[in-house]
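Shown here: coords.cif, mmCIF, C-alpha atoms and all ligand atoms.
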```
data_query
#
loop_
_atom_site.label_atom_id
_atom_site.label_comp_id
_atom_site.auth_asym_id
_atom_site.auth_seq_id
_atom_site.Cartn_x
_atom_site.Cartn_y
_atom_site.Cartn_z
CA MET E 198 -4.93 -5.17 -22.97
CA GLY E 199 -5.66 -7.06 -19.73
CA LEU E 200 -4.39 -5.90 -16.36
CA ARG E 201 -1.64 -8.50 -16.26
CA GLU E 202 -0.33 -7.68 -19.74
CA GLU E 203 -0.32 -3.97 -18.93
CA TYR E 204 1.54 -4.57 -15.65
CA ASP E 205 4.11 -6.82 -17.35
CA GLU E 206 4.75 -4.19 -20.00
CA LYS E 207 4.62 -0.98 -17.93
CA GLY E 208 5.27 -2.05 -14.33
CA TYR E 209 1.92 -0.63 -13.24
CA CYS E 210 -1.75 -0.65 -14.16
CA VAL E 211 -5.10 0.53 -12.76
CA ALA E 212 -8.22 -1.47 -11.83
CA ARG E 213 -11.11 1.00 -11.85
CA SER E 214 -13.92 0.68 -9.23
CA ALA E 215 -12.26 -2.37 -7.69
CA ILE E 216 -14.15 -1.77 -4.44
CA ASP E 217 -17.44 0.05 -3.85
CA ALA E 218 -17.86 3.58 -2.51
CA SER E 219 -19.15 2.43 0.86
CA LEU E 220 -16.04 0.31 1.56
CA ALA E 221 -13.81 3.17 0.39
CA GLY E 222 -15.74 5.41 2.83
CA GLU E 223 -15.05 2.94 5.64
CA MET E 224 -11.32 3.20 4.87
CA VAL E 225 -11.55 6.96 5.42
CA ASN E 226 -13.47 6.39 8.68
CA HIS E 227 -10.77 3.93 9.70
CA VAL E 228 -8.04 6.52 9.20
CA HIS E 229 -9.91 8.99 11.42
CA TRP E 230 -10.61 6.28 14.01
CA LEU E 231 -6.89 5.34 14.07
CA MET E 232 -5.85 8.99 14.33
CA GLU E 233 -7.96 9.39 17.48
CA ARG E 234 -6.29 6.39 19.07
CA HIS E 235 -2.77 7.31 17.95
CA PRO E 236 -2.71 11.11 18.17
CA ASP E 237 1.11 11.20 18.01
CA THR E 238 1.29 9.33 14.72
CA ARG E 239 1.02 11.31 11.50
CA PRO E 240 -1.77 10.06 9.21
CA GLU E 241 0.83 9.32 6.51
CA ARG E 242 2.40 6.79 8.90
CA LEU E 243 -0.46 4.55 9.99
CA GLY E 244 1.59 1.44 9.34
CA HIS E 245 1.47 -2.33 9.56
CA SER E 246 1.96 -2.71 13.32
CA LEU E 247 -1.24 -0.69 13.91
CA LEU E 248 -3.17 -2.72 11.33
CA VAL E 249 -2.06 -6.34 11.43
CA ASP E 250 -4.43 -7.31 14.29
CA ASP E 251 -7.27 -5.00 13.28
CA PRO E 252 -10.54 -6.73 12.25
CA PHE E 253 -11.45 -4.10 9.64
CA MET E 254 -8.02 -4.48 8.03
CA HIS E 255 -8.44 -8.26 7.89
CA ARG E 256 -11.89 -7.77 6.37
CA LEU E 257 -10.46 -5.37 3.78
CA VAL E 258 -7.32 -7.24 2.71
CA THR E 259 -9.23 -10.50 2.33
CA ASP E 260 -11.98 -8.84 0.26
CA GLU E 261 -12.53 -11.18 -2.71
CA ARG E 262 -12.36 -8.30 -5.16
CA LEU E 263 -8.90 -7.20 -3.99
CA VAL E 264 -7.57 -10.74 -3.71
CA ASP E 265 -8.90 -11.52 -7.21
CA VAL E 266 -6.79 -8.63 -8.48
CA ALA E 267 -3.72 -9.76 -6.49
CA GLU E 268 -4.12 -13.34 -7.70
CA GLN E 269 -3.71 -12.23 -11.31
CA PHE E 270 -0.13 -11.20 -10.51
CA LEU E 271 0.83 -13.70 -7.83
CA GLY E 272 -1.03 -16.95 -8.36
CA PRO E 273 -3.56 -18.75 -6.14
CA ASN E 274 -1.79 -18.69 -2.73
CA VAL E 275 -1.84 -15.09 -1.59
CA ALA E 276 -0.75 -13.31 1.62
CA MET E 277 -0.52 -9.62 2.48
CA PHE E 278 2.78 -8.83 4.19
CA ALA E 279 2.56 -5.07 4.80
CA ALA E 280 -0.29 -2.57 5.00
CA HIS E 281 0.18 1.17 5.40
CA TYR E 282 -2.27 4.05 5.15
CA ILE E 283 -0.65 7.09 3.58
CA ALA E 284 -3.32 9.65 4.38
CA LYS E 285 -2.51 13.27 3.55
CA LYS E 286 -4.26 16.06 5.42
CA PRO E 287 -5.48 19.06 3.41
CA HIS E 288 -2.53 21.47 2.85
CA LYS E 289 -0.37 19.55 5.37
CA GLY E 290 0.04 16.09 3.86
CA GLN E 291 3.65 15.17 3.17
CA ALA E 292 5.39 14.20 -0.06
CA VAL E 293 6.81 10.76 -0.78
CA GLN E 294 10.30 11.05 -2.29
CA TRP E 295 11.06 8.99 -5.40
CA HIS E 296 11.95 5.43 -4.41
CA GLN E 297 11.74 1.76 -5.34
CA ASP E 298 9.76 -0.31 -2.86
CA GLY E 299 12.04 -3.35 -3.10
CA SER E 300 14.91 -1.32 -1.56
CA TYR E 301 13.16 -1.49 1.83
CA TRP E 302 11.70 -4.98 2.00
CA PRO E 303 12.87 -8.20 3.69
CA LEU E 304 11.58 -10.48 0.91
CA GLU E 305 13.18 -13.44 -0.85
CA PRO E 306 12.55 -13.58 -3.75
CA MET E 307 11.27 -10.05 -4.46
CA GLU E 308 8.00 -11.44 -5.79
CA VAL E 309 5.36 -8.97 -4.62
CA ALA E 310 2.73 -6.62 -6.03
CA THR E 311 1.41 -3.47 -4.34
CA LEU E 312 -2.28 -2.73 -4.53
CA TRP E 313 -2.71 0.99 -3.79
CA VAL E 314 -6.33 1.40 -2.77
CA ALA E 315 -7.92 4.85 -3.06
CA GLY E 316 -10.15 5.71 -0.09
CA THR E 317 -10.72 9.22 -1.48
CA ASP E 318 -10.12 10.56 -4.95
CA SER E 319 -6.37 10.89 -5.45
CA VAL E 320 -5.48 13.46 -8.10
CA VAL E 321 -2.72 15.91 -8.94
CA ASP E 322 -3.70 18.66 -6.51
CA ASN E 323 -4.02 16.43 -3.45
CA GLY E 324 -0.78 14.54 -4.10
CA CYS E 325 -1.58 11.41 -6.10
CA MET E 326 1.05 8.78 -6.69
CA ARG E 327 3.36 9.33 -9.68
CA VAL E 328 5.47 6.75 -11.52
CA LEU E 329 8.47 6.99 -13.85
CA PRO E 330 7.64 4.75 -16.83
CA GLY E 331 10.42 2.41 -17.93
CA THR E 332 12.07 2.26 -14.50
CA GLN E 333 10.44 -1.11 -13.77
CA ASN E 334 13.44 -2.53 -15.66
CA VAL E 335 16.25 -0.70 -13.84
CA ARG E 336 18.44 -2.03 -11.03
CA LEU E 337 17.04 -2.05 -7.51
CA ARG E 338 19.00 0.46 -5.43
CA LYS E 339 20.30 -0.37 -1.95
CA GLN E 340 19.33 1.95 0.90
CA SER E 341 23.06 2.73 1.32
CA GLU E 342 22.94 4.34 -2.17
CA MET E 343 20.09 6.64 -1.18
CA VAL E 344 19.87 9.95 0.70
CA GLU E 345 18.41 10.73 4.11
CA LEU E 346 15.30 12.86 4.00
CA ASP E 347 13.76 15.45 6.30
CA ARG E 348 10.93 13.59 8.09
CA GLU E 349 9.11 16.91 8.60
CA LYS E 350 8.66 17.10 4.84
CA PHE E 351 8.75 13.50 3.60
CA VAL E 352 6.95 10.32 4.54
CA LEU E 353 10.02 8.09 4.03
CA GLY E 354 13.33 8.39 5.90
CA VAL E 355 15.48 7.69 2.81
CA GLY E 356 14.86 8.09 -0.92
CA ILE E 357 16.61 8.36 -4.26
CA HIS E 358 18.84 11.42 -4.63
CA PRO E 359 16.89 14.14 -6.53
CA ASP E 360 19.87 14.56 -8.93
CA GLU E 361 19.31 10.99 -10.15
CA ILE E 362 15.70 11.68 -11.14
CA ASP E 363 14.36 13.04 -14.41
CA ASP E 364 10.64 13.46 -13.80
CA GLU E 365 9.78 15.07 -17.12
CA ASP E 366 7.90 11.95 -18.26
CA ALA E 367 6.35 11.13 -14.87
CA VAL E 368 2.81 9.73 -15.05
CA ASP E 369 0.25 10.92 -12.48
CA LEU E 370 -1.85 7.96 -11.35
CA GLU E 371 -5.13 9.78 -10.85
CA LEU E 372 -7.67 7.57 -9.13
CA MET E 373 -11.23 7.92 -7.94
CA ALA E 374 -12.29 6.54 -4.54
CA GLY E 375 -12.55 2.75 -4.90
CA ASP E 376 -10.02 2.51 -7.74
CA VAL E 377 -6.84 0.51 -7.21
CA SER E 378 -3.47 0.95 -8.88
CA ILE E 379 -1.01 -1.92 -8.95
CA HIS E 380 2.75 -1.46 -9.17
CA ASN E 381 5.82 -3.66 -9.15
CA PRO E 382 8.62 -3.43 -6.54
CA THR E 383 11.21 -1.92 -8.90
CA ILE E 384 9.35 0.93 -10.59
CA ILE E 385 10.44 4.36 -9.30
CA HIS E 386 7.50 6.26 -7.84
CA GLY E 387 6.61 8.92 -5.30
CA SER E 388 4.07 11.67 -4.72
CA ASN E 389 3.87 15.39 -4.03
CA ALA E 390 2.55 17.05 -0.88
CA ASN E 391 -1.18 17.70 -0.62
CA ALA E 392 -1.70 21.26 -1.87
CA SER E 393 -5.48 21.07 -1.82
CA ASP E 394 -8.19 21.59 0.77
CA ARG E 395 -9.25 17.93 0.52
CA TRP E 396 -7.92 14.82 2.21
CA ARG E 397 -6.08 12.21 0.15
CA VAL E 398 -6.42 8.74 1.66
CA GLY E 399 -4.51 5.83 0.14
CA LEU E 400 -3.78 2.39 1.52
CA THR E 401 -0.77 0.43 0.29
CA LEU E 402 -1.26 -3.32 0.47
CA ARG E 403 1.78 -5.43 -0.36
CA TYR E 404 0.60 -8.84 -1.51
CA ILE E 405 2.98 -11.78 -1.92
CA PRO E 406 2.64 -15.41 -2.97
CA THR E 407 2.97 -17.57 0.14
CA SER E 408 6.17 -18.97 -1.44
CA THR E 409 7.90 -15.60 -0.87
CA HIS E 410 9.89 -15.61 2.38
CA VAL E 411 9.56 -12.63 4.73
CA THR E 412 13.06 -12.81 6.17
CA ASN E 413 12.26 -10.78 9.30
CA PRO E 414 11.11 -13.59 11.63
CA ASP E 415 9.09 -11.25 13.88
CA HIS E 416 6.96 -9.95 11.05
CA GLU E 417 3.42 -11.27 10.69
CA SER E 418 1.60 -11.46 7.35
CA ILE E 419 -2.11 -12.07 6.76
CA LEU E 420 -3.09 -15.15 4.77
CA CYS E 421 -5.69 -14.03 2.21
CA ARG E 422 -6.30 -17.01 -0.07
CA GLY E 423 -5.11 -20.56 -0.64
CA HIS E 424 -2.42 -22.33 1.34
CA ILE E 425 0.55 -21.51 3.52
CA ASP E 426 3.76 -22.94 2.06
CA SER E 427 5.13 -25.23 4.79
CA SER E 428 8.66 -24.99 3.37
CA VAL E 429 8.70 -21.20 3.94
CA ALA E 430 9.08 -19.99 7.55
CA ASN E 431 6.67 -17.05 7.47
CA ALA E 432 4.61 -15.99 10.50
CA TYR E 433 0.90 -15.34 10.06
CA ALA E 434 -1.43 -13.21 12.18
CA THR E 435 -4.33 -14.92 13.91
CA THR E 436 -7.72 -13.79 12.61
CA PRO E 437 -8.86 -11.15 15.12
CA THR E 438 -12.23 -11.12 16.85
CA TRP E 439 -14.21 -7.88 16.53
CA VAL E 440 -15.04 -6.41 19.95
CA GLN E 441 -17.43 -3.47 20.25
CA GLY E 442 -15.64 -0.53 21.85
CA ASP E 443 -12.19 -1.93 21.05
CA HIS E 444 -12.50 -1.87 17.28
CA MET E 445 -14.02 0.37 14.66
CA PRO E 446 -17.61 -0.60 13.77
CA PHE E 447 -17.93 -1.54 10.08
CA GLN E 448 -20.46 -3.18 7.82
CA GLY E 449 -20.39 -6.93 8.48
CA ALA E 450 -18.39 -6.56 11.73
CA GLU E 451 -20.81 -9.01 13.42
CA ASP E 452 -19.35 -11.78 11.19
CA TRP E 453 -15.97 -11.14 12.84
CA ALA E 454 -17.38 -11.07 16.42
O1 LIG S 501 0.88 6.99 -1.40
C1 LIG S 501 1.81 7.57 -1.93
O2 LIG S 501 1.79 8.78 -2.14
C2 LIG S 501 3.04 6.82 -2.36
C3 LIG S 501 2.87 5.35 -2.26
C4 LIG S 501 4.13 4.61 -2.26
O3 LIG S 501 5.19 5.16 -2.23
C5 LIG S 501 4.12 3.16 -2.29
O4 LIG S 501 3.08 2.56 -2.49
O5 LIG S 501 5.19 2.59 -2.14
#
```

Full structure transcribed into structure tokens:
Amino acid sequence: MGLREEYDEKGYCVARSAIDASLAGEMVNHVHWLMERHPDTRPERLGHSLLVDDPFMHRLVTDERLVDVAEQFLGPNVAMFAAHYIAKKPHKGQAVQWHQDGSYWPLEPMEVATLWVAGTDSVVDNGCMRVLPGTQNVRLRKQSEMVELDREKFVLGVGIHPDEIDDEDAVDLELMAGDVSIHNPTIIHGSNANASDRWRVGLTLRYIPTSTHVTNPDHESILCRGHIDSSVANAYATTPTWVQGDHMPFQGAEDWA
């Protein structure tokens, strides 16, 4: 079965070795570089506003290998509307409560695919992502139907009430560094805390076709391939220039200087 068929049937799929080990290693370096500059931000919360003007992030999200994967689900005109490192420290990394991504997003229509890129191995003991098979076909919950969560324990502020979840059939999406899982905006998913003595670094990249409207006018996406749709009022980030000292050094940074 091809990736697209698997995704259509199950709501998720995995592309093994989508990027090489050295690029995955640069993602881990990037997390540590960001943590030094934003010491008050937990590494599970290195979100879009810290990344949208970052040259390494532009280099990564426009990587042909990742955009080739995204194109299979979204067609030829591809943008990335939200990036977020969820990096879990050994023994301290937080859990992600069960949720559906589409509950949080200002998108019309909800045409979007998440590429979850593994910077390190992501397995059961360090808190890999888990999905509830079959839930890709359920109704998308509103945030008003969800419960508030303790931000000391959980990455998200609201999630699905634990009483509504039967996780007996949950699937652990175990990935090696460089693998990418892809999931749809309705499937219920989450992850446990990191109980291991190893980091778990994942990067969520939310790719959309440029025909999807990001209804928050202040939000900037990154154009990755093809054309902007002039009938859709989305804002796009300018391609940043890499400046030594201001940005993390990475392989090929001189091409962005
Ligand atoms: O990284 C994780 O543990 C969870 C990821 C997630 O919730 C998401 O991609 O929406």

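Among the candidate residues E:Trp396, E:Trp230, E:Trp313, E:Phe351, the one lying nearest to ligand LIG 501 (chain S) is E:Trp313, with distances computed using only C-alpha atoms and all ligand atoms.
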
Closest pair table for chain E residues within 6 Å of ligand LIG 501 (chain S), all atoms listed in the file, as CSV:
```
residue,atom,partner,partner_atom,distance
E:Ile283,CA,S:LIG501,O1,5.2
E:Val293,CA,S:LIG501,O2,5.6
E:Asp298,CA,S:LIG501,O5,5.5
E:Cys325,CA,S:LIG501,O2,5.8
E:Met326,CA,S:LIG501,O2,4.6
E:Gly387,CA,S:LIG501,O3,5.1
E:Ser388,CA,S:LIG501,O2,4.5
E:Gly399,CA,S:LIG501,O1,5.7
E:Thr401,CA,S:LIG501,O4,5.2
```

List as a JSON list (two decimals) with C-alpha atoms, in the frame of the given file the protein and nucleic acid residues near Asp443 in chain E, meaning an atom at most 12 Å away when only C-alpha atoms are counted, but skip any in the same chain fewer than 3 places from it.
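This is the output file around.json:
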```json
[["chain", "number", "residue", "atom", "x", "y", "z"],
["E", 230, "TRP", "CA", -10.61, 6.28, 14.01],
["E", 231, "LEU", "CA", -6.89, 5.34, 14.07],
["E", 234, "ARG", "CA", -6.29, 6.39, 19.07],
["E", 250, "ASP", "CA", -4.43, -7.31, 14.29],
["E", 251, "ASP", "CA", -7.27, -5.00, 13.28],
["E", 252, "PRO", "CA", -10.54, -6.73, 12.25],
["E", 253, "PHE", "CA", -11.45, -4.10, 9.64],
["E", 437, "PRO", "CA", -8.86, -11.15, 15.12],
["E", 438, "THR", "CA", -12.23, -11.12, 16.85],
["E", 439, "TRP", "CA", -14.21, -7.88, 16.53],
["E", 440, "VAL", "CA", -15.04, -6.41, 19.95],
["E", 446, "PRO", "CA", -17.61, -0.60, 13.77],
["E", 454, "ALA", "CA", -17.38, -11.07, 16.42]]
```

Kindly provide, as a PDB file with C-alpha atoms, in the frame of the given file, the polymer residues lying within 12 Å of (8.5, -6.7, 3.6), counting all atoms listed in the file and using the coordinates exactly as they appear in the file.
```pdb
ATOM      1  CA  HIS E 245       1.470  -2.330   9.560  1.00  0.00           C
ATOM      2  CA  ALA E 276      -0.750 -13.310   1.620  1.00  0.00           C
ATOM      3  CA  MET E 277      -0.520  -9.620   2.480  1.00  0.00           C
ATOM      4  CA  PHE E 278       2.780  -8.830   4.190  1.00  0.00           C
ATOM      5  CA  ALA E 279       2.560  -5.070   4.800  1.00  0.00           C
ATOM      6  CA  ALA E 280      -0.290  -2.570   5.000  1.00  0.00           C
ATOM      7  CA  HIS E 281       0.180   1.170   5.400  1.00  0.00           C
ATOM      8  CA  ASP E 298       9.760  -0.310  -2.860  1.00  0.00           C
ATOM      9  CA  GLY E 299      12.040  -3.350  -3.100  1.00  0.00           C
ATOM     10  CA  SER E 300      14.910  -1.320  -1.560  1.00  0.00           C
ATOM     11  CA  TYR E 301      13.160  -1.490   1.830  1.00  0.00           C
ATOM     12  CA  TRP E 302      11.700  -4.980   2.000  1.00  0.00           C
ATOM     13  CA  PRO E 303      12.870  -8.200   3.690  1.00  0.00           C
ATOM     14  CA  LEU E 304      11.580 -10.480   0.910  1.00  0.00           C
ATOM     15  CA  GLU E 305      13.180 -13.440  -0.850  1.00  0.00           C
ATOM     16  CA  PRO E 306      12.550 -13.580  -3.750  1.00  0.00           C
ATOM     17  CA  MET E 307      11.270 -10.050  -4.460  1.00  0.00           C
ATOM     18  CA  GLU E 308       8.000 -11.440  -5.790  1.00  0.00           C
ATOM     19  CA  VAL E 309       5.360  -8.970  -4.620  1.00  0.00           C
ATOM     20  CA  ALA E 310       2.730  -6.620  -6.030  1.00  0.00           C
ATOM     21  CA  THR E 311       1.410  -3.470  -4.340  1.00  0.00           C
ATOM     22  CA  PRO E 382       8.620  -3.430  -6.540  1.00  0.00           C
ATOM     23  CA  LEU E 402      -1.260  -3.320   0.470  1.00  0.00           C
ATOM     24  CA  ARG E 403       1.780  -5.430  -0.360  1.00  0.00           C
ATOM     25  CA  TYR E 404       0.600  -8.840  -1.510  1.00  0.00           C
ATOM     26  CA  ILE E 405       2.980 -11.780  -1.920  1.00  0.00           C
ATOM     27  CA  THR E 409       7.900 -15.600  -0.870  1.00  0.00           C
ATOM     28  CA  HIS E 410       9.890 -15.610   2.380  1.00  0.00           C
ATOM     29  CA  VAL E 411       9.560 -12.630   4.730  1.00  0.00           C
ATOM     30  CA  THR E 412      13.060 -12.810   6.170  1.00  0.00           C
ATOM     31  CA  ASN E 413      12.260 -10.780   9.300  1.00  0.00           C
ATOM     32  CA  PRO E 414      11.110 -13.590  11.630  1.00  0.00           C
ATOM     33  CA  ASP E 415       9.090 -11.250  13.880  1.00  0.00           C
ATOM     34  CA  HIS E 416       6.960  -9.950  11.050  1.00  0.00           C
ATOM     35  CA  GLU E 417       3.420 -11.270  10.690  1.00  0.00           C
ATOM     36  CA  SER E 418       1.600 -11.460   7.350  1.00  0.00           C
ATOM     37  CA  ASN E 431       6.670 -17.050   7.470  1.00  0.00           C
TER      38      ASN E 431
END
```

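Separating CA of Leu271 in chain E from CA of Asn381 in chain E is a distance of 11.3 Å.
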
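Considering the residues E:Gln291, E:Gln269, E:Gln340, E:Ser378 and counting only C-alpha atoms, Gly324 in chain E has its shortest atom-to-atom contact with E:Gln291.
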
Exercise for review: Using all atoms listed in the file, determine which residues lie at most 8 Å from His358 in chain E, disregarding the query and same-chain residues fewer than 2 positions distant; provide the list as a ChimeraX atom specification.
Suggested key: /E:343-344,356,360-362

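Proximity ranking of E:Asp376, E:Gly354, E:Thr259, E:Leu329 relative to Ala218 in chain E places E:Asp376 first, based on all atoms listed in the file.
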
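With distances restricted to all atoms listed in the file, E:Cys421 is the closest residue to Asn274 in chain E from E:Leu370, E:Val228, E:Val335, E:Cys421.
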
Review point. So how many Å separate CA of Leu420 in chain E and CA of Val275 in chain E, to one decimal?
Key: 6.5 Å

Review point. Excluding same-chain residues fewer than 4 positions from Ala392 in chain E, what lies within 9 Å of it counting all atoms listed in the file, as a PyMOL selection string?
Key: chain E and resi 287-290+321-324

Exercise for review: With a distance cut-off of 12 Å and all atoms listed in the file, select the neighbouring residues of Thr317 in chain E, excluding the residue or stretch itself and same-chain residues fewer than 2 positions from it, and output the selection as a count of residues only.
Suggested key: 39

Exercise for review: Kindly indicate which residue among E:Arg262, E:Arg422, E:Arg336, E:His296 lies nearest to Val352 in chain E, using only C-alpha atoms for the distances.
Suggested key: E:His296

Revision key, fill the gap. From CA of Ala212 in chain E to CA of Ile384 in chain E the spacing works out at 17.8 Å

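Nearest-residue note for Asn391 in chain E: choosing from E:Glu451, E:Glu241, E:Asp347, E:Asp426, the minimum distance belongs to E:Glu241, counting only C-alpha atoms.
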